[in-house]
Structures are given as C-alpha cells and as structure tokens.
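Novice: Please find one structure pasted underneath; my questions will follow.
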Amino acid sequence: MPESSSAAPEKQGARAGIHPLARYLGVRAGLTILLLFGVTLVTFTLTNLVPADPVQAALGEQAAANPEIVAQFRANAGLDQPLPVQYVTYLGNVLQGDLGVSQQTRAPVADDLGKAFPATAELALAAILISIVLGVGLGMWAALRRRTITDQVIRVVSLIGISVPSFWLALVVYFVFFSQLRWFPGSGRLSPAAIPPPKVTGMYTVDSLLAGQWATFGDAVAHLILPAAVLALYTIGLLTRFARSAILEVLDLDYVRAARAKGLPGRVVVSRYVLRGALVPIITVLGVAFGSLLSGTVLVEKVYSWHGLGEYAYSAATKLDLPAIMGVGLVVGCVYIGLNFLVDVLYGFIDPRVRVA
Amino acid sequence: MTERGMTDVLAVQTRRKGRLRISKQLRTPLAITGGAIVVFWLVIALLAPSISPYDPLAQDFERLQAPGAEHWFGTDQVGRDVLSRVVSGAQVSIPLALMLVVFAMLIGSVLGAIAGYFGKAIDEMIMRIADLVFAFPTIILAMVIAAALGPSLTNAVIAMLIVSWPAYARVTRSLVLGARNAEYVIAGRLLGNGPFTSLGKDILPNVISPVVVLATLDVGTAILLLSGLSFLGLGAVPPTPDWGSMVADGVQQFSSWWIAAFPGLAILTVVLAFNFLGDALRDALDPRSQEAVQGRAL
C-alpha cells in the first residue's frame with residue numbers, strides 16, 4: 001500500500017512522545033479511513049457523472065419523456081441539488097447501509113451483498129490458504145535450488161499460473177473433473193439434498209464444523225475444491241515468484257551465513273532464519289494476492305453457480321445493473337483496503353524498522 | 001570536454017552496457033520460446049483476413065459441429081467457423097493490448113515524472129489519485145468503470161487505461177526523485193536548461209528503461225484483463241470476434257467444449273509468451289538477479 005505516506009503526522013507524534021508502534025498504526029488507520037472515503041467518491045462519481053442518465057434508467061423511457069415526472073423524480077432523489085450536497089447525501093446513505101435497489105433482483109443491494117458475501121469469503125479464504133502453502137513452498141524450493149532444472153520448472157509453472165485466463169480454466173476444469181471424470185461435484189455450494197448448517201458465519205465449511213455435522217462438512221469441502229483450486233492458480237504463480245525472490249534476497253545475508261557457520265541444520269536455518277527474514281515482502285504481496293482473488297471470483301463463480309459476490313457482479317455486469325455493480329465495487333474496495341490495513345498492522349509487529357522509519 | 005559532453009558520454013555508456021547485458025540475457029530458452037510465439041501471433045494478426053478459412057462473421061454452417069476436416073475448431077452456436085473467429089480475434093486483442101500499454105505508459109510516466117520533479121501540491125494531487133486507483137482490485141475497478149461508461153471495446157480500453165496508468169506513475173516518480181539531484185541533471189540546469197528540458201532531455205532518457213520493462217510485463221496482463229471484461233460482456237460487443245466473448249459463448253453451450261476451448265488456448269498462449277519475454281527482460285535488467293547468477297546455492 002501507499003509507501004509514499006505523509007511524513008507530517010509522524011513528526012507530530014514524535015513530538016508528543018507517543019509510542020512509535022501506536023503512532024505508526026494511527027497514521028495507517030488515518031490513511032485507511034481517507035481511502036475509504038475515496039472509494040465512496042469513486043463510486044459516487046461513476047454513478048452520477050457518467051453518460052448513462054440515472055433518471056432514464058430508473059424511470060424507464062415513457063415516464064422519462066414527461067418533464068413533470070422527471071422534475072418530481074429529480075427533486076425526490078435530490079438530483080436537483082448541487083453535486084457536493086448530493087455526495088453528502090450519498091455518503092449518509094452508504095454509511096446507513098443503503099446502497100440503492102438492484103434493477104435485476106428488485107431487492108436492496110445491501111441485502112443481496114450481505115447474502116453473497118460469506119460465500120465469496122469462504123471461497124477466497126480457501127483459495128488463499130492453498131496459495132500460501134503451495135506458493136511459498138514452491139518459491140522456497142525454487143530459491144534453494146536456484147539455477148537448477150527444478151528452479152526452471154517451477155518458474156514455468158508459476159508463469160503459466162499467472163497467464164491462464166481464470167474464466168476459461170474454470171470451464172476446462174469443470175468439464176474435465178465434473179462432466180467427464182465425475183471426481184468432484186460440479187456446481188453450487190452443497191449437494192441439492194443437503195441442508196445448509198445453522199448460520200453462524202455463513203461459510204458452510206465453518207458452520208458445519210461448528211454444528212458438528214461431518215457429512216455436510218465433507219460435502220461443502222468437495223464443492224469448494226474445484227473453484228478454489230481454479231482461483232488459487234493465479235495467486236500461486238504470483239506468490240511463488242515473490243517468495244522466490246524474497247528468499248533469494250535473504251539467503252546470502254550475513255546472519256544466515258552465521259547461522260549456517262555455527263552448524264545449525266539446514267532445515268532450522270531455512271525455517272527460523274531465512275523464512276522469517278523473507279516474511280515481510282511475502283506478506284506485502286499477500287494483500288495484493290487477496291485482491292486478485294476477489295477479482296477472480298467475478299470470473300469464476302458464475303461457472304460453478306457459486307452464489308457469491310462474483311456471481312452477483314457477473315450477472316449485474318452482463319445486465320448493466322449499475323447500483324448492484326457499484327455496490328460490489330464499494331464492498332470489494334473496502335474489504336481490500338481493510339486487508340491492506342491489516343497487512344500494514346502485521347508489518348508494524350513483525351518488522352521493528354517499519355515503526356521507526 | 002564540456003560538462004554537457006561528459007554527461008552525454010556517461011548516458012550513452014550506461015545505455016550501451018545495459019543493451020549488451022540484455023541481449024545476452026534474452027538468449028534463454030524461455031525468452032526465445034516466448035519471442036517465437038509472440039511473432040507467430042503477430043503474423044496471424046497481420047495476415048488474418050487472408051489466412052482465415054471462412055468469414056468470421058458469416059453464419060453459414062450447421063451449428064455446433066465438432067472439430068473436423070471442414071472446420072478444424074468446429075462451429076459455434078450460430079454456425080460460425082471457430083477457427084476463423086480465433087484467427088480474427090488476434091486482430092482485436094493483441095493490437096488493443098499493445099496500444100493500451102503504450103498509452104498507459106505514456107500517461108503514467110509523464111504524470112509520474114511531473115509529480116516527482118515538481119513535488120509539492122501537484123505531486124500530492126497526482127499520487128493521491130493513483131492511491132485511489134490502487135485501493136481497488138484491478139478487474140473490479142475496470143468492471144465498475146466499463147459498466148458505467150457502457151459496454152464497448154473503446155470504453156473497456158478507457159477503463160483499463162484508468163486502472164493501469166498509476167503503476168507507471170509510481171515507478172517513474174520514484175526514479176525521477178532519485179535522478180532529480182544527480183550531478184548531470186544539476187549540470188544541465190546550471191547550463192540553463194529549463195525544468196521541462198531538464199526533465200525531458202536529462203532525466204527521462206536515463207530512467208525510462210525500467211518503465212519500458214514494466215510495460216512489457218504488462219502486455220500479458222492487459223490481454224487477460226481485456227478478455228476478462230469481454231467475458232463479462234463489458235468489452236467487445238457481438239458479433240466482434242473477441243476471444244473473451246467467445247469463451248463466454250462457450251459457457252452457454254457447455255457440451256460443445258470447442259467453442260470456449262480454442263479461444264481460451266489462444267489467450268493462454270499469447271499471454272504466456274509475453275510473460276516469458278517479460279520475465280527474461282526483468283531478469284536481464286535486475287542487477288540482483290545478475291548477482292544471483294554468480295551466487296552459490298545454499
């Protein structure tokens with residue numbers, strides 16, 4: 001996230017004698033809040049200043065031809081107010097959870113998003129777990145075997161990972177592993193006969209575990225594997241490349257050499273010294289990776305009838321349902337900013353240099 | 001020798017050195033494979049009208065024929081030849097992606113250079129807008145903008161431009177910040193160069209190569225993004241033979257796997273080829289990976 005952050009508030013903090021970590025977190029939190037406002041500004045601008053006339057869209061052609069109805073509508077919707085006033089109104093609505101009404105489901109966008117969110121969170125979390133394990137693992141393997149054939153093979157694999165169009169891979173994997181081989185269930189989050197577990201988080205795997213329903217858990221995991229694997233491929237490629245170069249960077253540093261010189265076994269050196277030193281750049285890219293996973297769901301969920309944000313965004317996009325699209329943009333943008341804030345917080349704890357700088 | 005002459009010589013020398021290193025590093029199997037595939041697709045894109053077996057738009061044939069002697073890649077749901085459409089698709093995706101990357105690089109590096117060189121309010125303004133773009137995952141923001149502008153290839157490209165320039169702005173800004181106070185730049189200023197001459201003639205030529213590498217790395221991503229938008233119905237409008245929308249057709253005709261399989265393979269090979277090239281180029285220009293060549297394995 002923005003490394004070009006403002007220096008001024010930090011100086012003030014130093015004067016007041018605040019703990020450096022608290023000061024660092026305060027600055028990050030302030031920037032995060034500013035960015036969140038920025039996101040609403042973007043969605044507001046796109047909804048209001050674009051060529052598509054919101055009046056026409058909301059009223060339909062016939063009503064839009066009647067100047068009286070139009071004037072009435074504009075007054076009701078506050079469209080006759082100056083733009084800054086409109087923005088404040090919009091912001092007030094957003095803060096109260098009013099994101100408008102979807103043109104295709106005729107339901108409030110916020111409700112639709114609330115239903116869709118846990119599904120996508122489940123999918124994205126599963127995918128990021130797979131990516132961390134495989135991506136960091138492969139990256140470390142490649143770094144330790146640099147300039148060998150293993151390194152080259154891993155490089156090609158990771159390049160393929162970032163080059164495959166996910167929407168196409170979703171289809172191919174569906175076709176091969178469901179339609180042909182029948183190894184995995186094809187679509188949905190549970191088999192049609194299964195009853196969803198009692199709702200706690202909305203994520204079926206977690207909820208079924210909480211309720212102790214093992215059969216439902218197995219079913220949910222089986223449904224999760226294909227879409228999560230498809231989504232993960234890109235982030236595996238991304239993480240492998242980053243992990244490799246991050247690990248290469250610390251591999252030759254003096255402290256690692258010292259650890260080896262004092263006779264520590266290779267495994268200890270790698271896990272306690274190398275991996276720890278490489279953690280900060282790896283965590284940085286995790287934020288980016290999660291963002292690309294959220295984007296990926298838009299292209300993948302549709303194929304697997306996974307009723308999450310992605311499928312919602314897909315159908316909203318194909319039908320040009322603007323309030324719904326802006327709602328997705330707003331939610332995903334906020335989640336992404338929140339995640340990057342988390343990454344920044346982690347930084348502060350992991351790397352003492354960050355707090356001071 | 002005047003100071004101006006000295007700086008020129010210095011600049012030329014560093015550039016020559018860089019070029020030598022690059023050409024040597026680019027002779028890796030991956031880079032050569034990538035280059036060959038890129039050339040292959042560029043030739044297809046150039047010759048598309050004459051090598052495509054049928055009219056890509058003509059709905060002349062029996063629908064949903066499996067691949068065979070007549071139609072190597074089969075026919076789609078309205079009876080168009082899939083091979084012809086894949087071939088013509090090269091004329092849509094590749095030039096648009098290249099154009100997009102060039103424009104994003106131009107806009108981004110100019111804005112980034114201005115921000116880095118002049119600093120203060122203008123820097124803040126440009127970079128805060130860039131931060132805002134980075135606050136969204138790429139496809140999501142591109143999708144939101146493309147949807148607001150209305151579906152068309154032009155609007156998709158505009159949306160992609162809006163989401164791609166900030167990366168270039170950031171890189172150029174940091175490079176310009178580093179070079180702004182270099183001796184040769186100050187020498188130029190002392191000899192009477194105005195800010196724009198200084199920026200354009202002294203600084204930019206010396207910082208532009210990493211930006212160009214970034215652009216090369218971006219071509220693959222741009223093709224992926226464009227086809228993704230088309231897949232969503234926010235890019236190419238039917239009946240334009242765009243690879244992304246052809247894959248979307250395949251989603252509707254699931255049992256006829258060839259409708260989506262071949263355009264998808266086309267996207268994969270082009271993107272992979274550009275990424276092979278970009279990867280080798282990145283290695284060639286990264287001094288640390290030079291050390292890695294000489295370094296020992298643990």
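Each chain of the structure tokens is named A, B, ... in the order shown, its residues numbered from 1; ligands are numbered from 1 in display order.
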Name the residues in contact with Ile162 (chain A) at a cut-off of 8 Å, using only C-alpha atoms, excluding same-chain residues fewer than 3 positions from it; report them as a PyMOL selection string.
Specialist: chain A and resi 158-159+233-235+237-238
Novice: Hey, list the chain A side of the contact with chain B: 8 Å cut-off, only C-alpha atoms, answer as a PyMOL selection string.
Specialist: chain A and resi 1-2+35+38-39+46-47+50-52+144-147+159-160+163-165+167-168+171-172+175+248+251+288+291-292+294-296+299+303+314+317-318+320+322+325-326+329+332-333+336-337
Novice: Mind dumping the selected residues with N, CA and C atoms as a tab-separated table (two decimals), in the first residue's frame?
Specialist:
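The resulting part-v9.tsv:
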chain	number	residue	atom	x	y	z
A	1	MET	N	0.84	-1.22	0.00
A	1	MET	CA	0.00	0.00	0.00
A	1	MET	C	0.86	1.25	0.00
A	2	PRO	N	0.23	2.42	-0.07
A	2	PRO	CA	0.98	3.65	-0.34
A	2	PRO	C	2.21	3.78	0.55
A	35	LEU	N	-8.82	6.67	2.47
A	35	LEU	CA	-9.01	5.86	1.27
A	35	LEU	C	-10.45	5.35	1.17
A	38	GLY	N	-12.38	7.90	-0.20
A	38	GLY	CA	-12.03	7.97	-1.62
A	38	GLY	C	-12.82	6.98	-2.44
A	39	VAL	N	-12.99	5.77	-1.90
A	39	VAL	CA	-13.72	4.73	-2.62
A	39	VAL	C	-15.17	5.16	-2.84
A	46	LEU	N	-18.86	7.73	-10.45
A	46	LEU	CA	-19.23	6.85	-11.56
A	46	LEU	C	-20.74	6.72	-11.69
A	47	THR	N	-21.47	6.72	-10.57
A	47	THR	CA	-22.92	6.60	-10.69
A	47	THR	C	-23.54	7.89	-11.21
A	50	VAL	N	-21.61	9.77	-15.16
A	50	VAL	CA	-21.40	9.01	-16.39
A	50	VAL	C	-22.49	9.32	-17.41
A	51	PRO	N	-22.20	9.00	-18.67
A	51	PRO	CA	-23.17	9.30	-19.74
A	51	PRO	C	-24.56	8.72	-19.47
A	52	ALA	N	-24.63	7.51	-18.94
A	52	ALA	CA	-25.93	6.89	-18.72
A	52	ALA	C	-26.74	7.77	-17.75
A	144	LEU	N	15.96	-22.34	-3.08
A	144	LEU	CA	17.02	-23.20	-2.54
A	144	LEU	C	17.70	-23.98	-3.65
A	145	ARG	N	16.98	-24.22	-4.75
A	145	ARG	CA	17.56	-24.94	-5.89
A	145	ARG	C	17.80	-24.00	-7.06
A	146	ARG	N	18.16	-22.76	-6.76
A	146	ARG	CA	18.24	-21.78	-7.85
A	146	ARG	C	19.25	-22.21	-8.92
A	147	ARG	N	18.93	-21.82	-10.15
A	147	ARG	CA	19.76	-22.16	-11.30
A	147	ARG	C	19.85	-23.65	-11.55
A	159	LEU	N	4.74	-19.07	-14.18
A	159	LEU	CA	4.37	-18.19	-15.30
A	159	LEU	C	3.07	-18.66	-15.94
A	160	ILE	N	2.90	-19.98	-16.04
A	160	ILE	CA	1.62	-20.49	-16.57
A	160	ILE	C	0.50	-20.05	-15.63
A	163	SER	N	-0.68	-16.71	-16.31
A	163	SER	CA	-1.08	-16.45	-17.69
A	163	SER	C	-2.42	-17.07	-18.07
A	164	VAL	N	-2.89	-18.01	-17.28
A	164	VAL	CA	-4.15	-18.69	-17.66
A	164	VAL	C	-5.33	-17.77	-17.40
A	165	PRO	N	-6.21	-17.57	-18.39
A	165	PRO	CA	-7.42	-16.81	-18.11
A	165	PRO	C	-8.32	-17.63	-17.18
A	167	PHE	N	-11.36	-17.46	-16.16
A	167	PHE	CA	-12.72	-17.82	-16.57
A	167	PHE	C	-12.72	-19.01	-17.51
A	168	TRP	N	-11.63	-19.14	-18.28
A	168	TRP	CA	-11.52	-20.27	-19.19
A	168	TRP	C	-11.11	-21.53	-18.43
A	171	LEU	N	-13.96	-23.21	-16.77
A	171	LEU	CA	-14.73	-24.06	-17.68
A	171	LEU	C	-14.04	-25.39	-17.94
A	172	VAL	N	-12.73	-25.32	-18.22
A	172	VAL	CA	-11.98	-26.53	-18.56
A	172	VAL	C	-12.01	-27.50	-17.38
A	175	PHE	N	-15.37	-29.02	-16.90
A	175	PHE	CA	-15.64	-30.01	-17.94
A	175	PHE	C	-14.90	-31.32	-17.65
A	248	LEU	N	15.61	-15.49	-1.95
A	248	LEU	CA	16.94	-15.33	-2.53
A	248	LEU	C	17.65	-14.13	-1.90
A	251	LEU	N	18.96	-15.06	1.50
A	251	LEU	CA	19.75	-16.29	1.56
A	251	LEU	C	21.24	-16.04	1.77
A	288	VAL	N	-2.02	-8.00	-2.05
A	288	VAL	CA	-2.29	-7.92	-3.49
A	288	VAL	C	-2.94	-9.20	-3.98
A	291	GLY	N	-6.55	-9.40	-3.20
A	291	GLY	CA	-7.30	-8.55	-4.11
A	291	GLY	C	-7.56	-9.23	-5.43
A	292	SER	N	-6.54	-9.91	-5.95
A	292	SER	CA	-6.74	-10.56	-7.24
A	292	SER	C	-7.67	-11.76	-7.10
A	294	LEU	N	-10.28	-11.76	-5.08
A	294	LEU	CA	-11.62	-11.17	-5.08
A	294	LEU	C	-12.05	-10.82	-6.50
A	295	SER	N	-11.09	-10.30	-7.29
A	295	SER	CA	-11.40	-10.03	-8.69
A	295	SER	C	-11.73	-11.32	-9.41
A	296	GLY	N	-10.92	-12.34	-9.12
A	296	GLY	CA	-11.08	-13.61	-9.82
A	296	GLY	C	-12.45	-14.22	-9.61
A	299	LEU	N	-15.00	-13.75	-12.25
A	299	LEU	CA	-14.89	-14.51	-13.49
A	299	LEU	C	-15.11	-16.00	-13.28
A	303	VAL	N	-19.37	-19.91	-13.35
A	303	VAL	CA	-19.26	-21.24	-13.93
A	303	VAL	C	-19.68	-22.30	-12.92
A	314	TYR	N	-21.13	-10.65	-11.77
A	314	TYR	CA	-21.19	-11.10	-13.16
A	314	TYR	C	-22.56	-10.81	-13.76
A	317	ALA	N	-23.12	-7.15	-14.14
A	317	ALA	CA	-22.35	-6.57	-15.24
A	317	ALA	C	-22.99	-6.89	-16.58
A	318	THR	N	-23.40	-8.17	-16.75
A	318	THR	CA	-23.97	-8.52	-18.05
A	318	THR	C	-25.31	-7.83	-18.27
A	320	LEU	N	-25.98	-4.82	-16.90
A	320	LEU	CA	-25.75	-3.39	-16.66
A	320	LEU	C	-26.59	-2.85	-15.51
A	322	LEU	N	-26.45	-1.02	-12.67
A	322	LEU	CA	-25.44	-0.12	-12.07
A	322	LEU	C	-25.41	-0.10	-10.54
A	325	ILE	N	-23.61	-3.15	-9.41
A	325	ILE	CA	-22.17	-3.14	-9.74
A	325	ILE	C	-21.42	-2.21	-8.79
A	326	MET	N	-22.00	-1.01	-8.56
A	326	MET	CA	-21.33	-0.05	-7.67
A	326	MET	C	-21.26	-0.61	-6.25
A	329	GLY	N	-18.43	-2.95	-6.17
A	329	GLY	CA	-17.18	-2.18	-6.20
A	329	GLY	C	-16.87	-1.60	-4.83
A	332	VAL	N	-16.06	-4.56	-2.27
A	332	VAL	CA	-14.76	-5.17	-2.53
A	332	VAL	C	-13.63	-4.17	-2.27
A	333	GLY	N	-13.84	-2.92	-2.68
A	333	GLY	CA	-12.84	-1.89	-2.43
A	333	GLY	C	-12.57	-1.74	-0.94
A	336	TYR	N	-10.75	-4.75	0.47
A	336	TYR	CA	-9.36	-4.73	0.01
A	336	TYR	C	-8.54	-3.72	0.83
A	337	ILE	N	-9.11	-2.55	1.04
A	337	ILE	CA	-8.41	-1.54	1.84
A	337	ILE	C	-8.22	-2.04	3.26
Novice: With a distance cut-off of 8 Å and only C-alpha atoms, select the neighbouring residues of Leu57 (chain B), excluding the residue or stretch itself and same-chain residues fewer than 2 positions from it, and output the selection as a ChimeraX atom specification.
Specialist: /B:55,59,80,85,239-241
Novice: Would you output that residue set with N, CA, C and O atoms, as a CSV table (one decimal), in the first residue's frame?
Specialist:
chain,number,residue,atom,x,y,z
B,55,ASP,N,-15.3,-16.6,-43.5
B,55,ASP,CA,-15.7,-15.3,-42.9
B,55,ASP,C,-16.0,-15.4,-41.4
B,55,ASP,O,-16.9,-16.2,-41.1
B,59,GLN,N,-22.7,-16.6,-40.7
B,59,GLN,CA,-23.4,-17.7,-40.0
B,59,GLN,C,-23.8,-18.8,-41.0
B,59,GLN,O,-25.0,-19.0,-41.2
B,80,ARG,N,-21.0,-20.2,-36.9
B,80,ARG,CA,-19.8,-19.6,-37.5
B,80,ARG,C,-18.6,-20.5,-37.2
B,80,ARG,O,-18.5,-21.3,-36.3
B,85,ARG,N,-12.8,-17.3,-36.4
B,85,ARG,CA,-13.0,-16.3,-35.3
B,85,ARG,C,-11.8,-16.2,-34.4
B,85,ARG,O,-11.5,-15.1,-34.0
B,239,PRO,N,-21.2,-8.8,-33.0
B,239,PRO,CA,-20.6,-10.1,-33.3
B,239,PRO,C,-19.1,-10.1,-33.3
B,239,PRO,O,-18.5,-11.0,-33.9
B,240,THR,N,-18.4,-9.0,-32.8
B,240,THR,CA,-17.0,-8.9,-32.9
B,240,THR,C,-16.3,-10.2,-32.4
B,240,THR,O,-16.7,-10.7,-31.3
B,241,PRO,N,-15.4,-10.7,-33.2
B,241,PRO,CA,-14.8,-12.0,-32.8
B,241,PRO,C,-13.7,-11.8,-31.7
B,241,PRO,O,-12.5,-11.8,-32.0
Novice: Given only C-alpha atoms as the basis, pick out the residue of B:Thr197, B:Thr75, B:Asn206, B:Gln91 nearest to Leu46 (chain B).
Specialist: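 Checking each of B:Thr197, B:Thr75, B:Asn206, B:Gln91 against Leu46 (chain B), counting only C-alpha atoms, the winner is B:Gln91.
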Novice: Residues near region 262-279 of chain A, anyone? I mean within 9 Å using only C-alpha atoms, not counting same-chain ones fewer than 4 positions away, as a list in words.
Specialist: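 Near neighbours after the sequence-gap exclusion: Met140, Ala243, Ser245, Ala246, Ile247, Leu248, Glu249, Val250, Leu251, Tyr255, Val256, Arg257, Ala258, Ile283, Thr284 and Ile350 of chain A; Leu298 of chain B.
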Novice: Only N, CA, C and O atoms, please: the residues just picked out, written as a PDB file, in the first residue's frame.
Specialist:
ATOM      1  N   MET A 140      10.091 -21.247  -2.137  1.00  0.00           N
ATOM      2  CA  MET A 140      11.239 -21.584  -1.313  1.00  0.00           C
ATOM      3  C   MET A 140      12.056 -22.686  -1.983  1.00  0.00           C
ATOM      4  O   MET A 140      13.281 -22.613  -2.059  1.00  0.00           O
ATOM      5  N   ALA A 243       7.912 -15.113  -3.431  1.00  0.00           N
ATOM      6  CA  ALA A 243       8.592 -15.833  -2.353  1.00  0.00           C
ATOM      7  C   ALA A 243       9.998 -16.191  -2.801  1.00  0.00           C
ATOM      8  O   ALA A 243      10.962 -16.049  -2.035  1.00  0.00           O
ATOM      9  N   SER A 245      12.019 -14.657  -4.946  1.00  0.00           N
ATOM     10  CA  SER A 245      12.980 -13.548  -4.924  1.00  0.00           C
ATOM     11  C   SER A 245      13.184 -13.022  -3.508  1.00  0.00           C
ATOM     12  O   SER A 245      14.296 -12.623  -3.145  1.00  0.00           O
ATOM     13  N   ALA A 246      12.131 -13.058  -2.676  1.00  0.00           N
ATOM     14  CA  ALA A 246      12.304 -12.593  -1.296  1.00  0.00           C
ATOM     15  C   ALA A 246      13.283 -13.490  -0.555  1.00  0.00           C
ATOM     16  O   ALA A 246      14.121 -13.017   0.222  1.00  0.00           O
ATOM     17  N   ILE A 247      13.187 -14.808  -0.795  1.00  0.00           N
ATOM     18  CA  ILE A 247      14.063 -15.740  -0.097  1.00  0.00           C
ATOM     19  C   ILE A 247      15.492 -15.635  -0.634  1.00  0.00           C
ATOM     20  O   ILE A 247      16.451 -15.641   0.135  1.00  0.00           O
ATOM     21  N   LEU A 248      15.605 -15.489  -1.953  1.00  0.00           N
ATOM     22  CA  LEU A 248      16.942 -15.326  -2.533  1.00  0.00           C
ATOM     23  C   LEU A 248      17.645 -14.131  -1.905  1.00  0.00           C
ATOM     24  O   LEU A 248      18.851 -14.134  -1.691  1.00  0.00           O
ATOM     25  N   GLU A 249      16.848 -13.088  -1.640  1.00  0.00           N
ATOM     26  CA  GLU A 249      17.429 -11.864  -1.118  1.00  0.00           C
ATOM     27  C   GLU A 249      18.068 -12.063   0.254  1.00  0.00           C
ATOM     28  O   GLU A 249      19.114 -11.487   0.537  1.00  0.00           O
ATOM     29  N   VAL A 250      17.445 -12.877   1.107  1.00  0.00           N
ATOM     30  CA  VAL A 250      17.997 -13.042   2.452  1.00  0.00           C
ATOM     31  C   VAL A 250      18.987 -14.209   2.522  1.00  0.00           C
ATOM     32  O   VAL A 250      19.745 -14.310   3.474  1.00  0.00           O
ATOM     33  N   LEU A 251      18.964 -15.062   1.502  1.00  0.00           N
ATOM     34  CA  LEU A 251      19.749 -16.291   1.565  1.00  0.00           C
ATOM     35  C   LEU A 251      21.238 -16.043   1.767  1.00  0.00           C
ATOM     36  O   LEU A 251      21.922 -16.818   2.432  1.00  0.00           O
ATOM     37  N   TYR A 255      23.597 -12.798   8.462  1.00  0.00           N
ATOM     38  CA  TYR A 255      23.059 -13.526   9.621  1.00  0.00           C
ATOM     39  C   TYR A 255      22.702 -14.957   9.261  1.00  0.00           C
ATOM     40  O   TYR A 255      22.789 -15.859  10.086  1.00  0.00           O
ATOM     41  N   VAL A 256      22.299 -15.169   7.993  1.00  0.00           N
ATOM     42  CA  VAL A 256      22.000 -16.531   7.555  1.00  0.00           C
ATOM     43  C   VAL A 256      23.296 -17.332   7.463  1.00  0.00           C
ATOM     44  O   VAL A 256      23.389 -18.476   7.917  1.00  0.00           O
ATOM     45  N   ARG A 257      24.316 -16.695   6.915  1.00  0.00           N
ATOM     46  CA  ARG A 257      25.602 -17.372   6.792  1.00  0.00           C
ATOM     47  C   ARG A 257      26.144 -17.722   8.196  1.00  0.00           C
ATOM     48  O   ARG A 257      26.668 -18.813   8.416  1.00  0.00           O
ATOM     49  N   ALA A 258      25.955 -16.778   9.140  1.00  0.00           N
ATOM     50  CA  ALA A 258      26.426 -17.028  10.501  1.00  0.00           C
ATOM     51  C   ALA A 258      25.702 -18.221  11.102  1.00  0.00           C
ATOM     52  O   ALA A 258      26.307 -19.081  11.750  1.00  0.00           O
ATOM     53  N   ILE A 283       4.357 -11.097   2.971  1.00  0.00           N
ATOM     54  CA  ILE A 283       3.080 -10.608   3.496  1.00  0.00           C
ATOM     55  C   ILE A 283       2.549  -9.446   2.661  1.00  0.00           C
ATOM     56  O   ILE A 283       1.353  -9.325   2.410  1.00  0.00           O
ATOM     57  N   THR A 284       3.480  -8.599   2.191  1.00  0.00           N
ATOM     58  CA  THR A 284       3.047  -7.492   1.338  1.00  0.00           C
ATOM     59  C   THR A 284       2.263  -8.004   0.145  1.00  0.00           C
ATOM     60  O   THR A 284       1.200  -7.489  -0.192  1.00  0.00           O
ATOM     61  N   ILE A 350       5.807  -7.255  12.933  1.00  0.00           N
ATOM     62  CA  ILE A 350       6.880  -8.164  12.519  1.00  0.00           C
ATOM     63  C   ILE A 350       8.209  -7.437  12.410  1.00  0.00           C
ATOM     64  O   ILE A 350       9.246  -7.918  12.865  1.00  0.00           O
TER      65      ILE A 350
ATOM     66  N   LEU B 298      22.462 -22.483  -1.745  1.00  0.00           N
ATOM     67  CA  LEU B 298      22.666 -22.788  -0.318  1.00  0.00           C
ATOM     68  C   LEU B 298      22.819 -24.292  -0.130  1.00  0.00           C
ATOM     69  O   LEU B 298      22.032 -25.068  -0.602  1.00  0.00           O
TER      70      LEU B 298
END
Novice: Can you list, as an NGL selection string, every protein, DNA or RNA residue that comes within 12 Å of Ile186 (chain B) when you count only C-alpha atoms, leaving out same-chain residues fewer than 4 positions away?
Specialist: :B and (3-4 or 7 or 179-182 or 190-195 or 198-199 or 202-203)
Novice: How about saving the chosen residues, C-alpha atoms kept, as a PDB file, in the first residue's frame?
Specialist:
ATOM      1  CA  GLU B   3      30.297  19.127 -18.871  1.00  0.00           C
ATOM      2  CA  ARG B   4      27.420  18.622 -21.240  1.00  0.00           C
ATOM      3  CA  THR B   7      27.058  13.715 -19.278  1.00  0.00           C
ATOM      4  CA  ALA B 179      17.701  11.212 -10.569  1.00  0.00           C
ATOM      5  CA  ARG B 180      16.477  14.752  -9.906  1.00  0.00           C
ATOM      6  CA  ASN B 181      19.536  15.769  -7.931  1.00  0.00           C
ATOM      7  CA  ALA B 182      22.098  13.772  -9.882  1.00  0.00           C
ATOM      8  CA  LEU B 190      23.350  25.314 -14.480  1.00  0.00           C
ATOM      9  CA  LEU B 191      23.865  25.427 -18.209  1.00  0.00           C
ATOM     10  CA  GLY B 192      20.425  26.991 -18.479  1.00  0.00           C
ATOM     11  CA  ASN B 193      18.050  24.079 -19.076  1.00  0.00           C
ATOM     12  CA  GLY B 194      14.509  24.899 -18.046  1.00  0.00           C
ATOM     13  CA  PRO B 195      12.523  22.418 -15.978  1.00  0.00           C
ATOM     14  CA  SER B 198      15.844  19.082 -17.823  1.00  0.00           C
ATOM     15  CA  LEU B 199      13.065  16.559 -17.281  1.00  0.00           C
ATOM     16  CA  ASP B 202      18.361  14.783 -18.991  1.00  0.00           C
ATOM     17  CA  ILE B 203      16.206  12.746 -16.652  1.00  0.00           C
TER      18      ILE B 203
END
Novice: Could you find all residues in region 186-250 of chain A that DSSP calls alpha helix (DSSP H) from the backbone, and write them as a PyMOL selection string?
Specialist: chain A and resi 204-211+214-250
Novice: Within 10 Å of Leu239 (chain A), counting only C-alpha atoms, which residues qualify if same-chain residues fewer than 6 places away don't, as a list in words?
Specialist: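 Near Leu239 (chain A), the qualifying residues are Ser131, Ile132, Val133, Leu134, Gly135, Val136, Gly137, Leu138, Gly139, Ser158, Leu233, Ser245, Ile282, Ile283, Val285, Leu286, Val288 and Ala289 of chain A.
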Novice: Could you give me, as a PyMOL selection string, the residues within 10 Å of Pro53 (chain B), counting only C-alpha atoms and dropping anything in the same chain fewer than 3 positions from it?
Specialist: chain B and resi 48-50+56+70-72+81+83-85+87
